[in-house]
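> Got a structure for you, upload.cif, holding mmCIF, C-alpha atoms.
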```cif
data_start
loop_
_atom_site.label_atom_id
_atom_site.label_comp_id
_atom_site.auth_asym_id
_atom_site.auth_seq_id
_atom_site.Cartn_x
_atom_site.Cartn_y
_atom_site.Cartn_z
CA MET O 1 -33.11 -0.42 73.63
CA ALA O 2 -35.93 0.46 71.22
CA GLY O 3 -33.33 2.03 68.91
CA PHE O 4 -31.24 -1.13 68.94
CA PHE O 5 -34.35 -3.19 68.24
CA ALA O 6 -35.21 -0.98 65.25
CA LEU O 7 -31.73 -1.54 63.77
CA ILE O 8 -31.99 -5.34 64.17
CA LEU O 9 -35.51 -5.24 62.72
CA CYS O 10 -34.31 -3.37 59.61
CA GLN O 11 -31.58 -5.95 59.11
CA ILE O 12 -34.00 -8.88 59.51
CA ILE O 13 -36.50 -7.37 57.07
CA GLY O 14 -33.62 -6.64 54.68
CA ASP O 15 -32.50 -10.28 54.91
CA LEU O 16 -36.07 -11.51 54.33
CA ILE O 17 -36.48 -9.31 51.24
CA ALA O 18 -33.09 -10.35 49.82
CA ARG O 19 -33.80 -14.04 50.36
CA SER O 20 -37.44 -14.17 49.28
CA LEU O 21 -36.75 -12.21 46.08
CA SER O 22 -33.32 -13.90 45.75
CA ILE O 23 -31.63 -10.61 44.85
CA PRO O 24 -27.86 -10.62 45.47
CA ILE O 25 -27.80 -7.62 47.78
CA PRO O 26 -26.63 -8.23 51.37
CA GLY O 27 -29.45 -8.01 53.95
CA PRO O 28 -27.78 -5.29 56.06
CA ILE O 29 -27.44 -3.10 52.92
CA LEU O 30 -31.18 -3.35 52.25
CA GLY O 31 -31.49 -2.58 55.98
CA ILE O 32 -29.57 0.70 55.44
CA LEU O 33 -31.94 1.64 52.62
CA LEU O 34 -35.04 0.78 54.69
CA LEU O 35 -33.80 2.85 57.62
CA LEU O 36 -32.91 5.73 55.29
CA LEU O 37 -36.41 5.66 53.80
CA TYR O 38 -37.85 5.74 57.33
CA PHE O 39 -35.69 8.80 58.20
CA LEU O 40 -36.71 10.56 55.00
CA TRP O 41 -40.39 9.85 55.76
CA ARG O 42 -40.01 11.12 59.36
CA GLY O 43 -37.83 14.03 58.24
CA GLU O 44 -35.50 13.39 61.20
CA ILE O 45 -33.60 10.67 63.04
CA PRO O 46 -35.51 9.43 66.13
CA GLU O 47 -33.34 10.01 69.20
CA ASP O 48 -33.24 6.40 70.45
CA ILE O 49 -32.10 5.11 67.04
CA ALA O 50 -29.41 7.83 66.87
CA ARG O 51 -28.13 6.92 70.34
CA ALA O 52 -27.91 3.16 69.65
CA GLY O 53 -26.58 3.69 66.12
CA ASP O 54 -23.85 6.17 66.99
CA LEU O 55 -22.57 3.82 69.68
CA LEU O 56 -22.48 0.84 67.30
CA ILE O 57 -20.77 2.90 64.58
CA ALA O 58 -18.08 3.99 67.03
CA TRP O 59 -17.52 0.28 67.68
CA LEU O 60 -17.27 -0.69 63.98
CA PRO O 61 -13.45 -1.05 63.89
CA PHE O 62 -13.73 -3.56 66.74
CA LEU O 63 -16.76 -5.40 65.34
CA ILE O 64 -15.01 -6.32 62.06
CA LEU O 65 -12.09 -8.05 63.82
CA PRO O 66 -13.52 -11.62 64.00
CA ALA O 67 -14.15 -11.67 60.24
CA GLY O 68 -10.84 -9.91 59.57
CA ALA O 69 -8.88 -12.57 61.45
CA GLY O 70 -10.14 -15.00 58.78
CA ILE O 71 -7.08 -13.79 56.89
CA ILE O 72 -5.14 -16.65 58.54
CA LEU O 73 -6.88 -19.06 56.16
CA TYR O 74 -5.52 -17.14 53.13
CA LEU O 75 -1.96 -16.29 54.11
CA GLY O 76 -0.70 -18.54 51.29
CA ALA O 77 -2.64 -16.69 48.58
CA LEU O 78 -1.64 -13.35 50.07
CA ALA O 79 2.06 -14.27 49.99
CA SER O 80 2.11 -15.82 46.51
CA GLU O 81 0.25 -12.87 44.93
CA ALA O 82 1.73 -10.13 47.07
CA PHE O 83 3.39 -8.34 44.14
CA ALA O 84 0.24 -8.12 41.97
CA ILE O 85 -1.83 -7.08 45.00
CA LEU O 86 0.52 -4.26 46.06
CA VAL O 87 0.96 -2.90 42.53
CA ALA O 88 -2.81 -2.95 41.90
CA LEU O 89 -3.62 -1.24 45.21
CA LEU O 90 -0.95 1.44 44.85
CA VAL O 91 -1.47 2.33 41.19
CA SER O 92 -5.26 2.16 41.12
CA THR O 93 -5.63 4.21 44.33
CA VAL O 94 -3.38 6.97 42.95
CA ILE O 95 -5.15 6.98 39.54
CA ALA O 96 -8.64 6.98 41.08
CA LEU O 97 -7.80 9.74 43.60
CA GLY O 98 -6.33 11.98 40.91
CA CYS O 99 -9.13 11.39 38.39
CA THR O 100 -11.92 11.91 40.94
CA ALA O 101 -10.41 15.21 42.12
CA LEU O 102 -9.83 16.49 38.56
CA ILE O 103 -13.33 15.51 37.37
CA ALA O 104 -14.94 17.08 40.43
CA ARG O 105 -12.96 20.31 39.97
CA ALA O 106 -13.82 20.53 36.26
CA LEU O 107 -17.55 19.96 36.91
CA ILE O 108 -17.67 22.48 39.77
CA ARG O 109 -15.85 25.13 37.71
CA ARG O 110 -18.15 24.64 34.71
CA ARG O 111 -21.16 25.00 36.97
CA GLU O 112 -19.79 28.20 38.53
CA THR O 113 -18.99 29.87 35.21
CA ARG O 114 -22.50 28.97 34.02
CA ALA O 115 -24.05 30.43 37.16
CA ILE O 116 -22.08 33.66 36.71
CA SER O 117 -23.01 34.09 33.04
CA LYS O 118 -26.65 33.39 33.93
CA ARG O 119 -26.54 36.08 36.60
CA GLN O 120 -24.99 38.55 34.15
CA SER O 121 -27.69 37.94 31.55
CA ASN O 122 -30.32 38.42 34.28
CA TYR O 123 -28.75 41.77 35.15
CA LYS O 124 -29.04 42.92 31.55
CA HIS O 125 -32.80 42.47 31.62
CA SER O 126 -33.32 44.01 35.04
CA LYS O 127 -33.84 47.66 35.86
CA PRO O 128 -30.63 49.68 36.40
CA SER O 129 -31.47 50.20 40.09
CA GLU O 130 -31.41 46.43 40.66
CA LYS O 131 -28.07 45.93 38.97
CA PHE O 132 -26.02 46.47 42.09
CA PRO O 133 -27.85 45.03 45.09
CA THR O 134 -26.70 46.83 48.25
CA GLY O 135 -27.21 44.17 50.91
CA SER O 136 -25.67 40.74 50.58
CA MET R 1 4.08 -28.17 84.10
CA ASP R 2 2.64 -30.06 81.17
CA ASP R 3 -0.68 -30.10 82.99
CA THR R 4 -0.84 -26.32 83.41
CA LEU R 5 0.05 -25.86 79.74
CA GLN R 6 -2.72 -28.28 78.85
CA ILE R 7 -5.21 -26.40 81.02
CA LEU R 8 -4.16 -23.09 79.47
CA LYS R 9 -4.60 -24.56 76.02
CA THR R 10 -8.09 -25.86 76.76
CA TRP R 11 -9.01 -22.56 78.37
CA SER R 12 -7.84 -20.60 75.33
CA HIS R 13 -10.56 -22.35 73.31
CA SER R 14 -13.40 -21.06 75.52
CA GLN R 15 -15.83 -18.48 74.17
CA SER R 16 -15.20 -15.86 76.85
CA PHE R 17 -11.45 -16.15 76.34
CA LEU R 18 -11.68 -15.70 72.57
CA ILE R 19 -13.99 -12.68 72.91
CA ALA R 20 -11.62 -11.20 75.51
CA LEU R 21 -8.72 -11.86 73.13
CA THR R 22 -10.53 -9.87 70.43
CA ILE R 23 -11.13 -6.94 72.79
CA ALA R 24 -7.52 -7.06 74.00
CA GLY R 25 -6.24 -7.10 70.41
CA PHE R 26 -8.34 -4.03 69.64
CA LEU R 27 -7.21 -2.13 72.74
CA VAL R 28 -3.54 -2.82 72.02
CA GLY R 29 -3.99 -1.80 68.37
CA ARG R 30 -5.67 1.44 69.38
CA LYS R 31 -3.04 2.23 72.01
CA LEU R 32 -0.18 1.70 69.54
CA SER R 33 -1.91 3.94 66.99
CA GLU R 34 -2.36 6.62 69.68
CA LEU R 35 1.32 6.38 70.62
CA ALA R 36 2.18 6.86 66.93
CA GLY R 37 0.30 10.17 67.02
CA GLN R 38 -3.02 8.91 65.56
CA SER R 39 -1.25 8.41 62.25
CA ALA R 40 -3.32 6.27 59.88
CA LEU R 41 -0.13 4.48 58.87
CA LEU R 42 -0.26 2.35 62.01
CA ASN R 43 -3.87 1.27 61.53
CA PRO R 44 -5.39 -0.15 64.75
CA VAL R 45 -7.49 -2.73 62.85
CA ILE R 46 -4.46 -4.12 60.98
CA THR R 47 -2.46 -4.33 64.23
CA ALA R 48 -5.35 -6.06 66.01
CA ILE R 49 -5.87 -8.56 63.17
CA CYS R 50 -2.13 -9.41 63.23
CA LEU R 51 -2.14 -9.91 67.02
CA ILE R 52 -5.29 -12.05 67.04
CA SER R 53 -4.12 -14.13 64.06
CA ALA R 54 -0.72 -14.68 65.65
CA PHE R 55 -2.35 -15.90 68.83
CA LEU R 56 -4.74 -18.26 67.00
CA ILE R 57 -1.83 -19.82 65.09
CA PHE R 58 0.35 -20.05 68.22
CA ALA R 59 -2.39 -21.58 70.42
CA GLU R 60 -3.58 -23.82 67.57
CA VAL R 61 -7.17 -22.56 67.68
CA PRO R 62 -8.83 -23.39 64.31
CA TYR R 63 -10.38 -20.30 62.67
CA ALA R 64 -13.80 -22.02 62.48
CA GLU R 65 -13.77 -22.38 66.25
CA TYR R 66 -12.77 -18.73 66.79
CA SER R 67 -15.41 -17.59 64.33
CA ALA R 68 -18.15 -19.59 66.09
CA ALA R 69 -17.07 -18.28 69.51
CA THR R 70 -17.16 -14.66 68.36
CA SER R 71 -20.56 -14.90 66.66
CA PRO R 72 -22.10 -12.41 69.17
CA ILE R 73 -19.66 -9.78 67.82
CA GLN R 74 -20.65 -10.57 64.24
CA PHE R 75 -24.32 -10.23 65.21
CA LEU R 76 -23.64 -6.71 66.52
CA LEU R 77 -21.73 -5.96 63.31
CA ASN R 78 -24.89 -6.41 61.22
CA ALA R 79 -26.80 -3.95 63.41
CA ALA R 80 -23.88 -1.50 63.16
CA ILE R 81 -23.92 -1.69 59.35
CA VAL R 82 -27.65 -0.85 59.28
CA ALA R 83 -26.83 2.13 61.52
CA LEU R 84 -24.68 3.58 58.70
CA ALA R 85 -27.99 5.07 57.47
CA ILE R 86 -27.62 7.64 60.30
CA PRO R 87 -24.46 9.47 59.10
CA MET R 88 -25.73 9.08 55.55
CA PHE R 89 -29.00 10.88 56.34
CA ARG R 90 -27.07 13.62 58.16
CA GLN R 91 -24.79 14.13 55.15
CA LEU R 92 -27.55 14.24 52.56
CA ARG R 93 -28.29 17.88 53.40
CA HIS R 94 -24.84 18.83 52.06
CA ILE R 95 -25.88 17.69 48.62
CA LYS R 96 -28.58 20.36 48.19
CA ASP R 97 -26.50 22.42 45.80
CA ALA R 98 -24.14 20.89 43.24
CA VAL R 99 -26.09 17.60 43.08
CA GLY R 100 -24.95 16.88 39.52
CA PRO R 101 -21.20 17.48 39.90
CA ILE R 102 -21.11 15.58 43.20
CA LEU R 103 -22.98 12.50 41.98
CA ILE R 104 -21.07 12.30 38.68
CA SER R 105 -17.68 12.67 40.40
CA ILE R 106 -18.48 9.92 42.90
CA ALA R 107 -19.84 7.54 40.25
CA VAL R 108 -16.94 8.02 37.81
CA GLY R 109 -14.31 7.95 40.57
CA SER R 110 -15.77 4.76 42.00
CA GLY R 111 -15.79 3.09 38.58
CA ILE R 112 -12.16 4.09 37.89
CA ALA R 113 -11.09 2.72 41.30
CA VAL R 114 -12.66 -0.67 40.54
CA TYR R 115 -11.69 -1.11 36.90
CA SER R 116 -8.10 0.15 37.18
CA ALA R 117 -7.45 -2.36 39.97
CA LEU R 118 -9.07 -5.24 38.05
CA ALA R 119 -7.13 -4.39 34.87
CA ILE R 120 -3.79 -4.37 36.72
CA LEU R 121 -4.57 -7.63 38.53
CA MET R 122 -5.56 -9.35 35.27
CA ALA R 123 -2.40 -8.09 33.56
CA LEU R 124 -0.36 -9.59 36.42
CA ASP R 125 -2.22 -12.93 36.31
CA ALA R 126 -3.82 -12.69 39.75
CA SER R 127 -6.30 -15.37 40.83
CA PRO R 128 -10.09 -14.86 40.47
CA MET R 129 -10.38 -14.96 44.27
CA VAL R 130 -8.04 -11.96 44.63
CA LEU R 131 -9.87 -10.10 41.83
CA ALA R 132 -13.25 -10.58 43.50
CA SER R 133 -11.85 -9.64 46.90
CA MET R 134 -10.26 -6.44 45.58
CA ALA R 135 -13.21 -5.17 43.51
CA PRO R 136 -14.93 -3.45 46.50
CA LYS R 137 -11.65 -2.06 47.92
CA SER R 138 -12.76 1.59 47.90
CA VAL R 139 -15.84 0.89 50.00
CA THR R 140 -15.94 1.10 53.79
CA THR R 141 -14.64 -2.16 55.34
CA PRO R 142 -17.85 -3.76 56.74
CA VAL R 143 -19.69 -3.19 53.44
CA ALA R 144 -16.79 -4.53 51.33
CA MET R 145 -16.78 -7.64 53.55
CA LEU R 146 -20.42 -8.24 52.61
CA VAL R 147 -19.93 -7.57 48.89
CA ALA R 148 -16.73 -9.59 48.26
CA PRO R 149 -18.22 -13.04 49.08
CA GLN R 150 -21.08 -12.36 46.67
CA LEU R 151 -18.54 -12.00 43.85
CA GLY R 152 -16.64 -15.17 44.81
CA GLY R 153 -14.12 -13.34 46.97
CA VAL R 154 -13.17 -13.58 50.64
CA ALA R 155 -14.35 -11.16 53.34
CA ALA R 156 -11.05 -11.18 55.25
CA LEU R 157 -8.98 -10.44 52.12
CA ALA R 158 -11.40 -7.65 51.22
CA ALA R 159 -10.91 -6.15 54.67
CA VAL R 160 -7.13 -6.07 54.30
CA PHE R 161 -7.34 -4.59 50.76
CA VAL R 162 -9.81 -1.92 51.90
CA ILE R 163 -7.63 -0.83 54.80
CA LEU R 164 -4.47 -0.76 52.65
CA THR R 165 -6.37 1.35 50.07
CA GLY R 166 -7.31 3.75 52.86
CA ILE R 167 -3.73 3.98 54.12
CA ILE R 168 -2.33 4.60 50.60
CA GLY R 169 -4.89 7.34 49.99
CA TYR R 170 -4.15 8.89 53.37
CA ALA R 171 -0.39 8.84 52.83
CA LEU R 172 -0.18 9.83 49.15
CA GLY R 173 -3.45 11.81 48.71
CA PRO R 174 -2.29 15.22 49.95
CA TRP R 175 0.95 15.05 47.92
CA LEU R 176 -0.92 13.92 44.78
CA LEU R 177 -3.71 16.51 45.02
CA ASN R 178 -1.20 19.30 45.67
CA ARG R 179 0.85 18.23 42.65
CA LEU R 180 -2.31 18.27 40.50
CA LYS R 181 -3.02 21.73 41.98
CA VAL R 182 -6.51 20.75 43.15
CA THR R 183 -7.24 23.30 45.88
CA ASP R 184 -11.04 23.18 45.85
CA PRO R 185 -12.11 21.65 49.21
CA VAL R 186 -15.18 19.99 47.60
CA ALA R 187 -13.09 18.26 44.91
CA ARG R 188 -10.47 17.15 47.46
CA GLY R 189 -13.10 15.80 49.86
CA LEU R 190 -14.94 13.90 47.14
CA ALA R 191 -11.68 12.25 46.01
CA TYR R 192 -10.68 11.23 49.55
CA GLY R 193 -14.12 9.83 50.45
CA THR R 194 -14.86 8.07 47.14
CA VAL R 195 -11.50 6.30 46.85
CA SER R 196 -10.18 5.94 50.40
CA HIS R 197 -13.43 5.68 52.43
CA ILE R 198 -13.22 6.39 56.18
CA ILE R 199 -9.41 6.60 56.36
CA GLY R 200 -9.38 9.14 53.52
CA THR R 201 -12.23 10.97 55.24
CA SER R 202 -10.09 11.26 58.38
CA ARG R 203 -7.50 13.05 56.23
CA ALA R 204 -10.18 15.39 54.83
CA VAL R 205 -11.21 16.20 58.42
CA ARG R 206 -7.71 17.66 58.94
CA GLU R 207 -8.07 19.90 55.86
CA SER R 208 -11.46 21.62 56.28
CA ASP R 209 -15.05 21.12 57.44
CA LEU R 210 -16.39 21.37 53.90
CA SER R 211 -13.86 18.83 52.67
CA ALA R 212 -14.78 16.47 55.52
CA ALA R 213 -18.52 16.77 54.80
CA CYS R 214 -17.97 16.01 51.11
CA ALA R 215 -15.72 13.06 51.94
CA GLY R 216 -18.30 11.61 54.35
CA LEU R 217 -21.06 12.02 51.79
CA ALA R 218 -18.96 10.42 49.04
CA MET R 219 -18.08 7.50 51.31
CA SER R 220 -21.74 6.80 52.21
CA LEU R 221 -23.10 7.07 48.67
CA ASN R 222 -20.28 5.00 47.20
CA ALA R 223 -20.77 2.26 49.83
CA VAL R 224 -24.49 1.85 49.23
CA ALA R 225 -24.31 2.20 45.44
CA THR R 226 -21.45 -0.31 45.21
CA ALA R 227 -23.21 -2.82 47.46
CA VAL R 228 -26.38 -2.61 45.37
CA LEU R 229 -24.88 -2.47 41.86
CA MET R 230 -21.60 -4.42 41.98
CA PRO R 231 -23.06 -7.94 42.45
CA GLN R 232 -25.46 -7.40 39.52
CA LEU R 233 -22.73 -5.96 37.23
CA TRP R 234 -20.34 -8.74 38.25
CA ARG R 235 -22.90 -11.34 37.16
CA LEU R 236 -23.30 -9.67 33.78
CA PHE R 237 -19.60 -9.48 32.98
CA SER R 238 -18.28 -12.78 34.30
#
```
Spell out the structure here as structure tokens.


Amino acid sequence: MAGFFALILCQIIGDLIARSLSIPIPGPILGILLLLLYFLWRGEIPEDIARAGDLLIAWLPFLILPAGAGIILYLGALASEAFAILVALLVSTVIALGCTALIARALIRRRETRAISKRQSNYKHSKPSEKFPTGS
Amino acid sequence: MDDTLQILKTWSHSQSFLIALTIAGFLVGRKLSELAGQSALLNPVITAICLISAFLIFAEVPYAEYSAATSPIQFLLNAAIVALAIPMFRQLRHIKDAVGPILISIAVGSGIAVYSALAILMALDASPMVLASMAPKSVTTPVAMLVAPQLGGVAALAAVFVILTGIIGYALGPWLLNRLKVTDPVARGLAYGTVSHIIGTSRAVRESDLSAACAGLAMSLNAVATAVLMPQLWRLFS
């Protein structure tokens, strides 16, 4: 129960901050950041918060249903713009997936080749006996 | 006969009935998805939304009434969103090495996902409401539903776009990444998580543990960064 209370408290404080400073960030998002800062400060997740939180997260697909059913108010827009919506979703998802994977691979490879060349230059300056470490 | 129908109709407007309807819709959606072999193609949330919507239209329950009746569920939703800090904290330890490549990939991938969709929608003359609802499509559903209204969009539309984005990534992702010959589990995981959020992450889980961890991390970071930055950027450019 204390864990659940902590989650609600973070959301309320997040809402208060967002409203009083009139910054357009949703209260629950500021709540995530507050809770994250608390975890970082503690260095761990308190057990009661983990228990309440894991349960709520498992329920997320159910909890979004009431807002999701609001789609019935927009069926007209969905139908009249169905073509643009489907093309945009399909093409942009494929482009973004491909680009993200290629960029990530290029960056990881560059970092690995750098690390290897750095190690080789370190070997040059080290004593011959250290060149081939036995244990790994 | 008319009387019983009338009673049923009145009863279907009660709070406990509408909450039970929501639970029933979810259970049926989950069961159907299980029967389809847990395939993401038959998404339980989409099925449940269709069932609930169909009932509301059939029983002539106005959405405002349903929304008011289910406010306890929406209250729990806010607490559940705050709880997303828990998986995020757990995943942060994966970032210890390769901080730079991971952060840059997520940021660039997230930007491409948003701007490519907006460019296509504008080219096809879509309405501003659809544009604003689709902008956060790569972010996990509950967060996208918070962000979209701040841009002038609609939470429910955002939810549908997010889930469709997840399903497309789940269905086409493996084929696309294989064609591009991306075999690195980190790169694959980052792509799945950044672009196709939790549904993409469920695909990464099938590939490898490292891929799944990277996907989960990408999903968390992208969700929080998008929620914080997108409303400010939207203001600047519109």

> Residues picked by the PyMOL selection byres ((chain R and resi 53-66) around 7) here, as number ranges by chain?

O: 69-70, 72; R: 9, 13, 18, 49-52, 67-70

> Looking at all atoms listed in the file, which of O:Ala101, O:Ile17, O:Leu107, O:Lys118 is the one that sits closest to Gly193 in chain R?

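That would be O:Ala101, the residue with the smallest distance to Gly193 in chain R.
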
> To verify the selection step, state as a VMD selection string which residues the PyMOL selection byres ((chain R and resi 187) around 10) yields on this input.

(chain O and resid 100 to 108) or (chain R and resid 101 to 102 105 177 182 to 186 188 to 192 211 214 to 215)

> Check every residue of chain O for an atom within 7 Å of chain R, counting all atoms listed in the file, and provide those that qualify as a PyMOL selection string.

chain O and resi 7-8+11+24-26+28-29+31-32+35-36+50+53+56-57+60-72+81+84+88-90+92-93+96-101+103-105+107-108

> Go ahead and compute the interatomic distance for CA of Ser202 in chain R and CA of Asp97 in chain R, in Å to one decimal.

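Answer for the CA of Ser202 in chain R to CA of Asp97 in chain R separation: 23.5 Å.
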
> Work out how far apart CA of Leu34 in chain O and CA of Phe5 in chain O are and give it in Å to one decimal.

14.1 Å

> Have a look at CA of Met219 in chain R and CA of Leu92 in chain R and let me know their distance in Å, one decimal.

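A separation of 11.7 Å between them.
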